[in-house]
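Source file work-v1.tsv; content: TSV, C-alpha atoms.
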```tsv
chain	number	residue	atom	x	y	z
B	3	MET	CA	-27.16	-27.47	10.91
B	4	GLU	CA	-24.64	-26.63	13.66
B	5	ASN	CA	-22.29	-29.38	12.44
B	6	THR	CA	-22.45	-28.01	8.90
B	7	LYS	CA	-21.51	-24.52	10.07
B	8	GLN	CA	-18.60	-25.92	12.08
B	9	ASN	CA	-17.40	-27.97	9.11
B	10	ILE	CA	-17.51	-24.93	6.81
B	11	LYS	CA	-15.68	-22.85	9.41
B	12	ARG	CA	-13.08	-25.61	9.86
B	13	MET	CA	-12.53	-25.88	6.09
B	14	GLN	CA	-12.06	-22.11	5.79
B	15	TRP	CA	-9.70	-22.14	8.74
B	16	GLU	CA	-7.65	-25.05	7.40
B	17	ASN	CA	-7.09	-23.17	4.13
B	18	ASP	CA	-5.74	-20.12	5.95
B	19	PRO	CA	-1.95	-19.76	5.42
B	20	LEU	CA	-1.38	-18.69	9.04
B	21	TYR	CA	-3.19	-21.79	10.28
B	22	ARG	CA	-1.02	-23.98	8.05
B	23	LEU	CA	2.07	-22.17	9.38
B	24	ILE	CA	1.24	-22.82	13.05
B	25	ARG	CA	0.42	-26.45	12.24
B	26	THR	CA	3.81	-26.81	10.52
B	27	ILE	CA	5.64	-25.10	13.40
B	28	LYS	CA	3.90	-27.40	15.88
B	29	ASN	CA	4.94	-30.48	13.94
B	30	VAL	CA	8.53	-29.43	13.33
B	31	MET	CA	9.26	-28.00	16.77
B	32	ASP	CA	7.50	-30.57	18.99
B	33	ARG	CA	6.72	-33.70	16.99
B	34	TYR	CA	10.17	-33.83	15.35
B	35	TYR	CA	11.88	-32.39	18.47
B	36	LEU	CA	13.56	-29.48	16.71
B	37	ASP	CA	12.89	-27.23	19.73
B	38	PRO	CA	15.08	-29.17	22.20
B	39	LEU	CA	17.63	-29.96	19.49
B	40	ILE	CA	18.15	-26.28	18.65
B	41	GLY	CA	18.39	-25.48	22.37
B	42	LEU	CA	21.00	-28.20	22.78
B	43	LEU	CA	23.12	-27.10	19.82
B	44	PHE	CA	22.76	-23.32	20.32
B	45	PRO	CA	22.02	-22.74	24.03
B	46	THR	CA	20.95	-19.09	24.15
B	47	ALA	CA	20.18	-18.53	20.48
B	48	GLY	CA	18.02	-21.65	20.47
B	49	ASP	CA	15.80	-20.28	23.24
B	50	ILE	CA	15.43	-16.97	21.41
B	51	PHE	CA	14.60	-18.77	18.15
B	52	SER	CA	12.13	-21.01	19.99
B	53	SER	CA	10.39	-17.98	21.47
B	54	ALA	CA	10.23	-16.31	18.06
B	55	MET	CA	8.47	-19.39	16.68
B	56	THR	CA	5.58	-18.58	19.04
B	57	LEU	CA	4.86	-15.28	17.23
B	58	PRO	CA	2.51	-16.84	14.63
B	59	PHE	CA	0.51	-18.44	17.47
B	60	LEU	CA	0.27	-15.05	19.17
B	61	THR	CA	-0.78	-13.44	15.90
B	62	VAL	CA	-3.60	-15.94	15.46
B	63	SER	CA	-4.82	-15.64	19.04
B	64	LEU	CA	-4.62	-11.85	19.19
B	65	PHE	CA	-5.63	-10.74	15.67
B	66	LYS	CA	-7.63	-13.62	14.14
B	67	ILE	CA	-9.40	-15.06	17.19
B	68	ARG	CA	-9.16	-11.83	19.21
B	69	SER	CA	-8.95	-13.46	22.61
B	70	ILE	CA	-6.84	-11.91	25.36
B	71	PRO	CA	-7.20	-14.96	27.67
B	72	LEU	CA	-6.02	-17.24	24.83
B	73	THR	CA	-3.09	-14.93	24.13
B	74	LEU	CA	-2.15	-15.00	27.83
B	75	ALA	CA	-2.28	-18.82	27.80
B	76	ILE	CA	0.02	-18.94	24.76
B	77	ILE	CA	2.48	-16.50	26.36
B	78	TYR	CA	2.43	-18.57	29.54
B	79	ASN	CA	3.21	-21.78	27.63
B	80	MET	CA	6.02	-20.00	25.79
B	81	LEU	CA	7.55	-18.76	29.05
B	82	VAL	CA	7.39	-22.23	30.61
B	83	ASP	CA	9.18	-23.57	27.51
B	84	MET	CA	11.76	-20.78	27.76
B	85	MET	CA	12.32	-21.36	31.48
B	86	LEU	CA	12.94	-25.06	30.90
B	87	GLY	CA	15.24	-24.31	27.98
B	88	ILE	CA	17.57	-22.07	29.97
B	89	ILE	CA	18.24	-24.62	32.72
B	90	PRO	CA	21.94	-25.33	32.21
B	91	PHE	CA	23.93	-28.48	31.45
B	92	TRP	CA	21.45	-30.05	29.02
B	93	ILE	CA	18.93	-30.64	31.82
B	94	GLY	CA	16.60	-28.00	30.37
B	95	ASP	CA	16.89	-29.44	26.88
B	96	ILE	CA	15.91	-32.87	28.15
B	97	LEU	CA	12.94	-31.39	30.04
B	98	ASP	CA	12.02	-29.43	26.91
B	99	ILE	CA	11.35	-32.73	25.11
B	100	PHE	CA	8.42	-33.34	27.44
B	101	SER	CA	7.09	-29.75	27.59
B	102	ARG	CA	5.64	-29.64	24.05
B	103	SER	CA	4.39	-26.06	24.29
B	104	TYR	CA	3.63	-25.83	20.56
B	105	VAL	CA	1.25	-28.79	20.76
B	106	LYS	CA	-0.46	-27.19	23.77
B	107	ASN	CA	-0.80	-23.83	22.01
B	108	TYR	CA	-2.07	-25.46	18.84
B	109	ARG	CA	-4.68	-27.44	20.80
B	110	LEU	CA	-5.88	-24.24	22.48
B	111	ILE	CA	-6.18	-22.39	19.16
B	112	VAL	CA	-8.01	-25.28	17.47
B	113	GLY	CA	-10.32	-25.48	20.49
B	114	PHE	CA	-11.20	-21.81	20.09
B	115	VAL	CA	-11.68	-22.04	16.34
B	116	GLU	CA	-13.85	-25.14	16.56
B	117	GLY	CA	-15.86	-23.67	19.44
B	118	ASP	CA	-14.83	-26.35	21.96
B	119	LYS	CA	-16.68	-25.10	25.04
B	120	GLU	CA	-14.38	-26.95	27.48
B	121	VAL	CA	-11.21	-25.39	26.06
B	122	ILE	CA	-12.75	-21.91	25.85
B	123	GLN	CA	-14.13	-22.09	29.41
B	124	GLU	CA	-10.84	-23.44	30.77
B	125	VAL	CA	-8.79	-20.67	29.14
B	126	ASN	CA	-11.23	-17.93	30.14
B	127	ARG	CA	-11.52	-19.25	33.71
B	128	LYS	CA	-7.75	-19.35	34.16
B	129	ALA	CA	-7.02	-15.95	32.56
B	130	VAL	CA	-6.23	-14.09	35.80
B	131	VAL	CA	-4.18	-16.98	37.18
B	132	THR	CA	-2.33	-17.16	33.87
B	133	ALA	CA	-1.53	-13.43	33.98
B	134	VAL	CA	-0.10	-13.82	37.50
B	135	GLY	CA	1.75	-16.93	36.33
B	136	ILE	CA	3.34	-14.91	33.53
B	137	LEU	CA	4.68	-12.39	36.04
B	138	VAL	CA	6.00	-15.15	38.30
B	139	LEU	CA	7.62	-16.94	35.35
B	140	CYS	CA	9.37	-13.73	34.27
B	141	VAL	CA	10.93	-13.43	37.73
B	142	ILE	CA	11.88	-17.13	37.75
B	143	ILE	CA	13.40	-16.88	34.27
B	144	TYR	CA	15.46	-13.90	35.39
B	145	TRP	CA	16.87	-15.81	38.38
B	146	VAL	CA	17.41	-19.04	36.44
B	147	ALA	CA	19.27	-17.07	33.74
B	148	LYS	CA	21.44	-15.43	36.40
B	149	LEU	CA	22.13	-18.83	37.96
B	150	ALA	CA	22.96	-20.34	34.55
B	151	ILE	CA	25.41	-17.52	33.79
B	152	TYR	CA	27.01	-17.88	37.22
B	153	LEU	CA	27.35	-21.67	36.92
B	154	THR	CA	28.71	-21.48	33.38
B	155	THR	CA	31.23	-18.78	34.33
B	156	THR	CA	32.33	-20.69	37.42
B	157	LEU	CA	32.71	-23.94	35.46
B	158	TRP	CA	34.67	-22.16	32.72
B	159	GLU	CA	37.01	-20.56	35.27
B	160	TRP	CA	37.52	-23.90	36.98
B	161	ILE	CA	38.29	-25.66	33.68
B	162	SER	CA	40.63	-22.90	32.50
B	163	GLY	CA	42.36	-22.99	35.90
B	164	LEU	CA	43.32	-26.62	35.29
B	165	PHE	CA	45.56	-25.59	32.40
```
Kindly present the structure from the file in structure tokens form.
Amino acid sequence: MENTKQNIKRMQWENDPLYRLIRTIKNVMDRYYLDPLIGLLFPTAGDIFSSAMTLPFLTVSLFKIRSIPLTLAIIYNMLVDMMLGIIPFWIGDILDIFSRSYVKNYRLIVGFVEGDKEVIQEVNRKAVVTAVGILVLCVIIYWVAKLAIYLTTTLWEWISGLF
């Protein structure tokens, strides 16, 4: 009986356009490595675009599933992805290949929808730590961005001074 209810819920969920959108984003951004490629080709714009691609995941977690701890976990994963992406000189883009934040976020959402007790307990248990982690990541991102701007400016001045 419980399996039948879960199967019906899964079928309804899989027909939802927002679910199909986050599945497509996950595949394109992480499985086909569009996320690091965009970051490599368009350094700052790529990170902004990558962050914007997390909005459907946030919409699902906040308005469909209605879970604040899940939303915090998705924001945390997005900020980790952003922090890696802004590390200069292609280092961040290489690290971004291994981060796979969209796959992580998708797994968390599917775990909540399918009632996976382990995923739900893990996310709920780590909610406070995740909130603190978000604050810490914001500070780190600020300083990494400042460092990236400084290094880029210094390198540009050094290169232009050669000519």
(request) May I ask which of the residues B:Met31, B:Leu42, B:Leu20, B:Leu81 is the closest one to Arg102 in chain B, counting all atoms listed in the file? (result)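 Among B:Met31, B:Leu42, B:Leu20, B:Leu81, it is B:Met31 that comes nearest to Arg102 in chain B.
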(request) Go through B:Leu23, B:Met84, B:Ile76, B:Val30 one by one, measure the shortest atom-to-atom distance of each to Pro45 in chain B using only C-alpha atoms, and give the residue with the smallest value. (result)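 Among B:Leu23, B:Met84, B:Ile76, B:Val30, it is B:Met84 that comes nearest to Pro45 in chain B.
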Using all atoms listed in the file, which residues sit within 8 Å of Val115 in chain B once same-chain residues fewer than 2 positions away are excluded, as a PDB file with C-alpha atoms, in the coordinates of the input?
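And here is the file that came out, out_20.pdb:
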```pdb
ATOM      1  CA  ARG B  12     -13.080 -25.610   9.860  1.00  0.00           C
ATOM      2  CA  TRP B  15      -9.700 -22.140   8.740  1.00  0.00           C
ATOM      3  CA  ILE B  67      -9.400 -15.060  17.190  1.00  0.00           C
ATOM      4  CA  ILE B 111      -6.180 -22.390  19.160  1.00  0.00           C
ATOM      5  CA  VAL B 112      -8.010 -25.280  17.470  1.00  0.00           C
ATOM      6  CA  GLY B 113     -10.320 -25.480  20.490  1.00  0.00           C
ATOM      7  CA  GLY B 117     -15.860 -23.670  19.440  1.00  0.00           C
ATOM      8  CA  ASP B 118     -14.830 -26.350  21.960  1.00  0.00           C
TER       9      ASP B 118
END
```
(request) Measure the distance from CA of Leu64 in chain B to CA of Tyr21 in chain B in Å and round it to one decimal. (result) 13.4 Å
(message) Let me make sure I understand: among B:Tyr35, B:Thr73, B:Pro90, B:Met85, which one has the smallest atom-to-atom distance to Ile142 in chain B if we use only C-alpha atoms?
(response)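 Comparing B:Tyr35, B:Thr73, B:Pro90, B:Met85 against Ile142 in chain B, the winner is B:Met85.
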(message) When you count all atoms listed in the file, which of these residues is closest to Phe44 in chain B: B:Val134, B:Thr26, B:Pro71, B:Ile88?
(response)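 Looking only at the distances to Phe44 in chain B, the closest residue turns out to be B:Ile88.
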Name the residues in contact with Asp95 in chain B at a cut-off of 9 Å, using all atoms listed in the file, excluding same-chain residues fewer than 6 positions from it; report them as a compact mmCIF listing (two decimals) with C-alpha atoms, keeping the file's coordinate frame.
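What landed in part-v6.txt:
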```txt
# COMPACT_ATOMS: atom_id res chain seq x y z
CA ASP B 37 12.89 -27.23 19.73
CA PRO B 38 15.08 -29.17 22.20
CA LEU B 39 17.63 -29.96 19.49
CA ILE B 40 18.15 -26.28 18.65
CA GLY B 41 18.39 -25.48 22.37
CA LEU B 42 21.00 -28.20 22.78
CA PRO B 45 22.02 -22.74 24.03
CA LEU B 86 12.94 -25.06 30.90
CA GLY B 87 15.24 -24.31 27.98
CA ILE B 88 17.57 -22.07 29.97
CA ILE B 89 18.24 -24.62 32.72
```
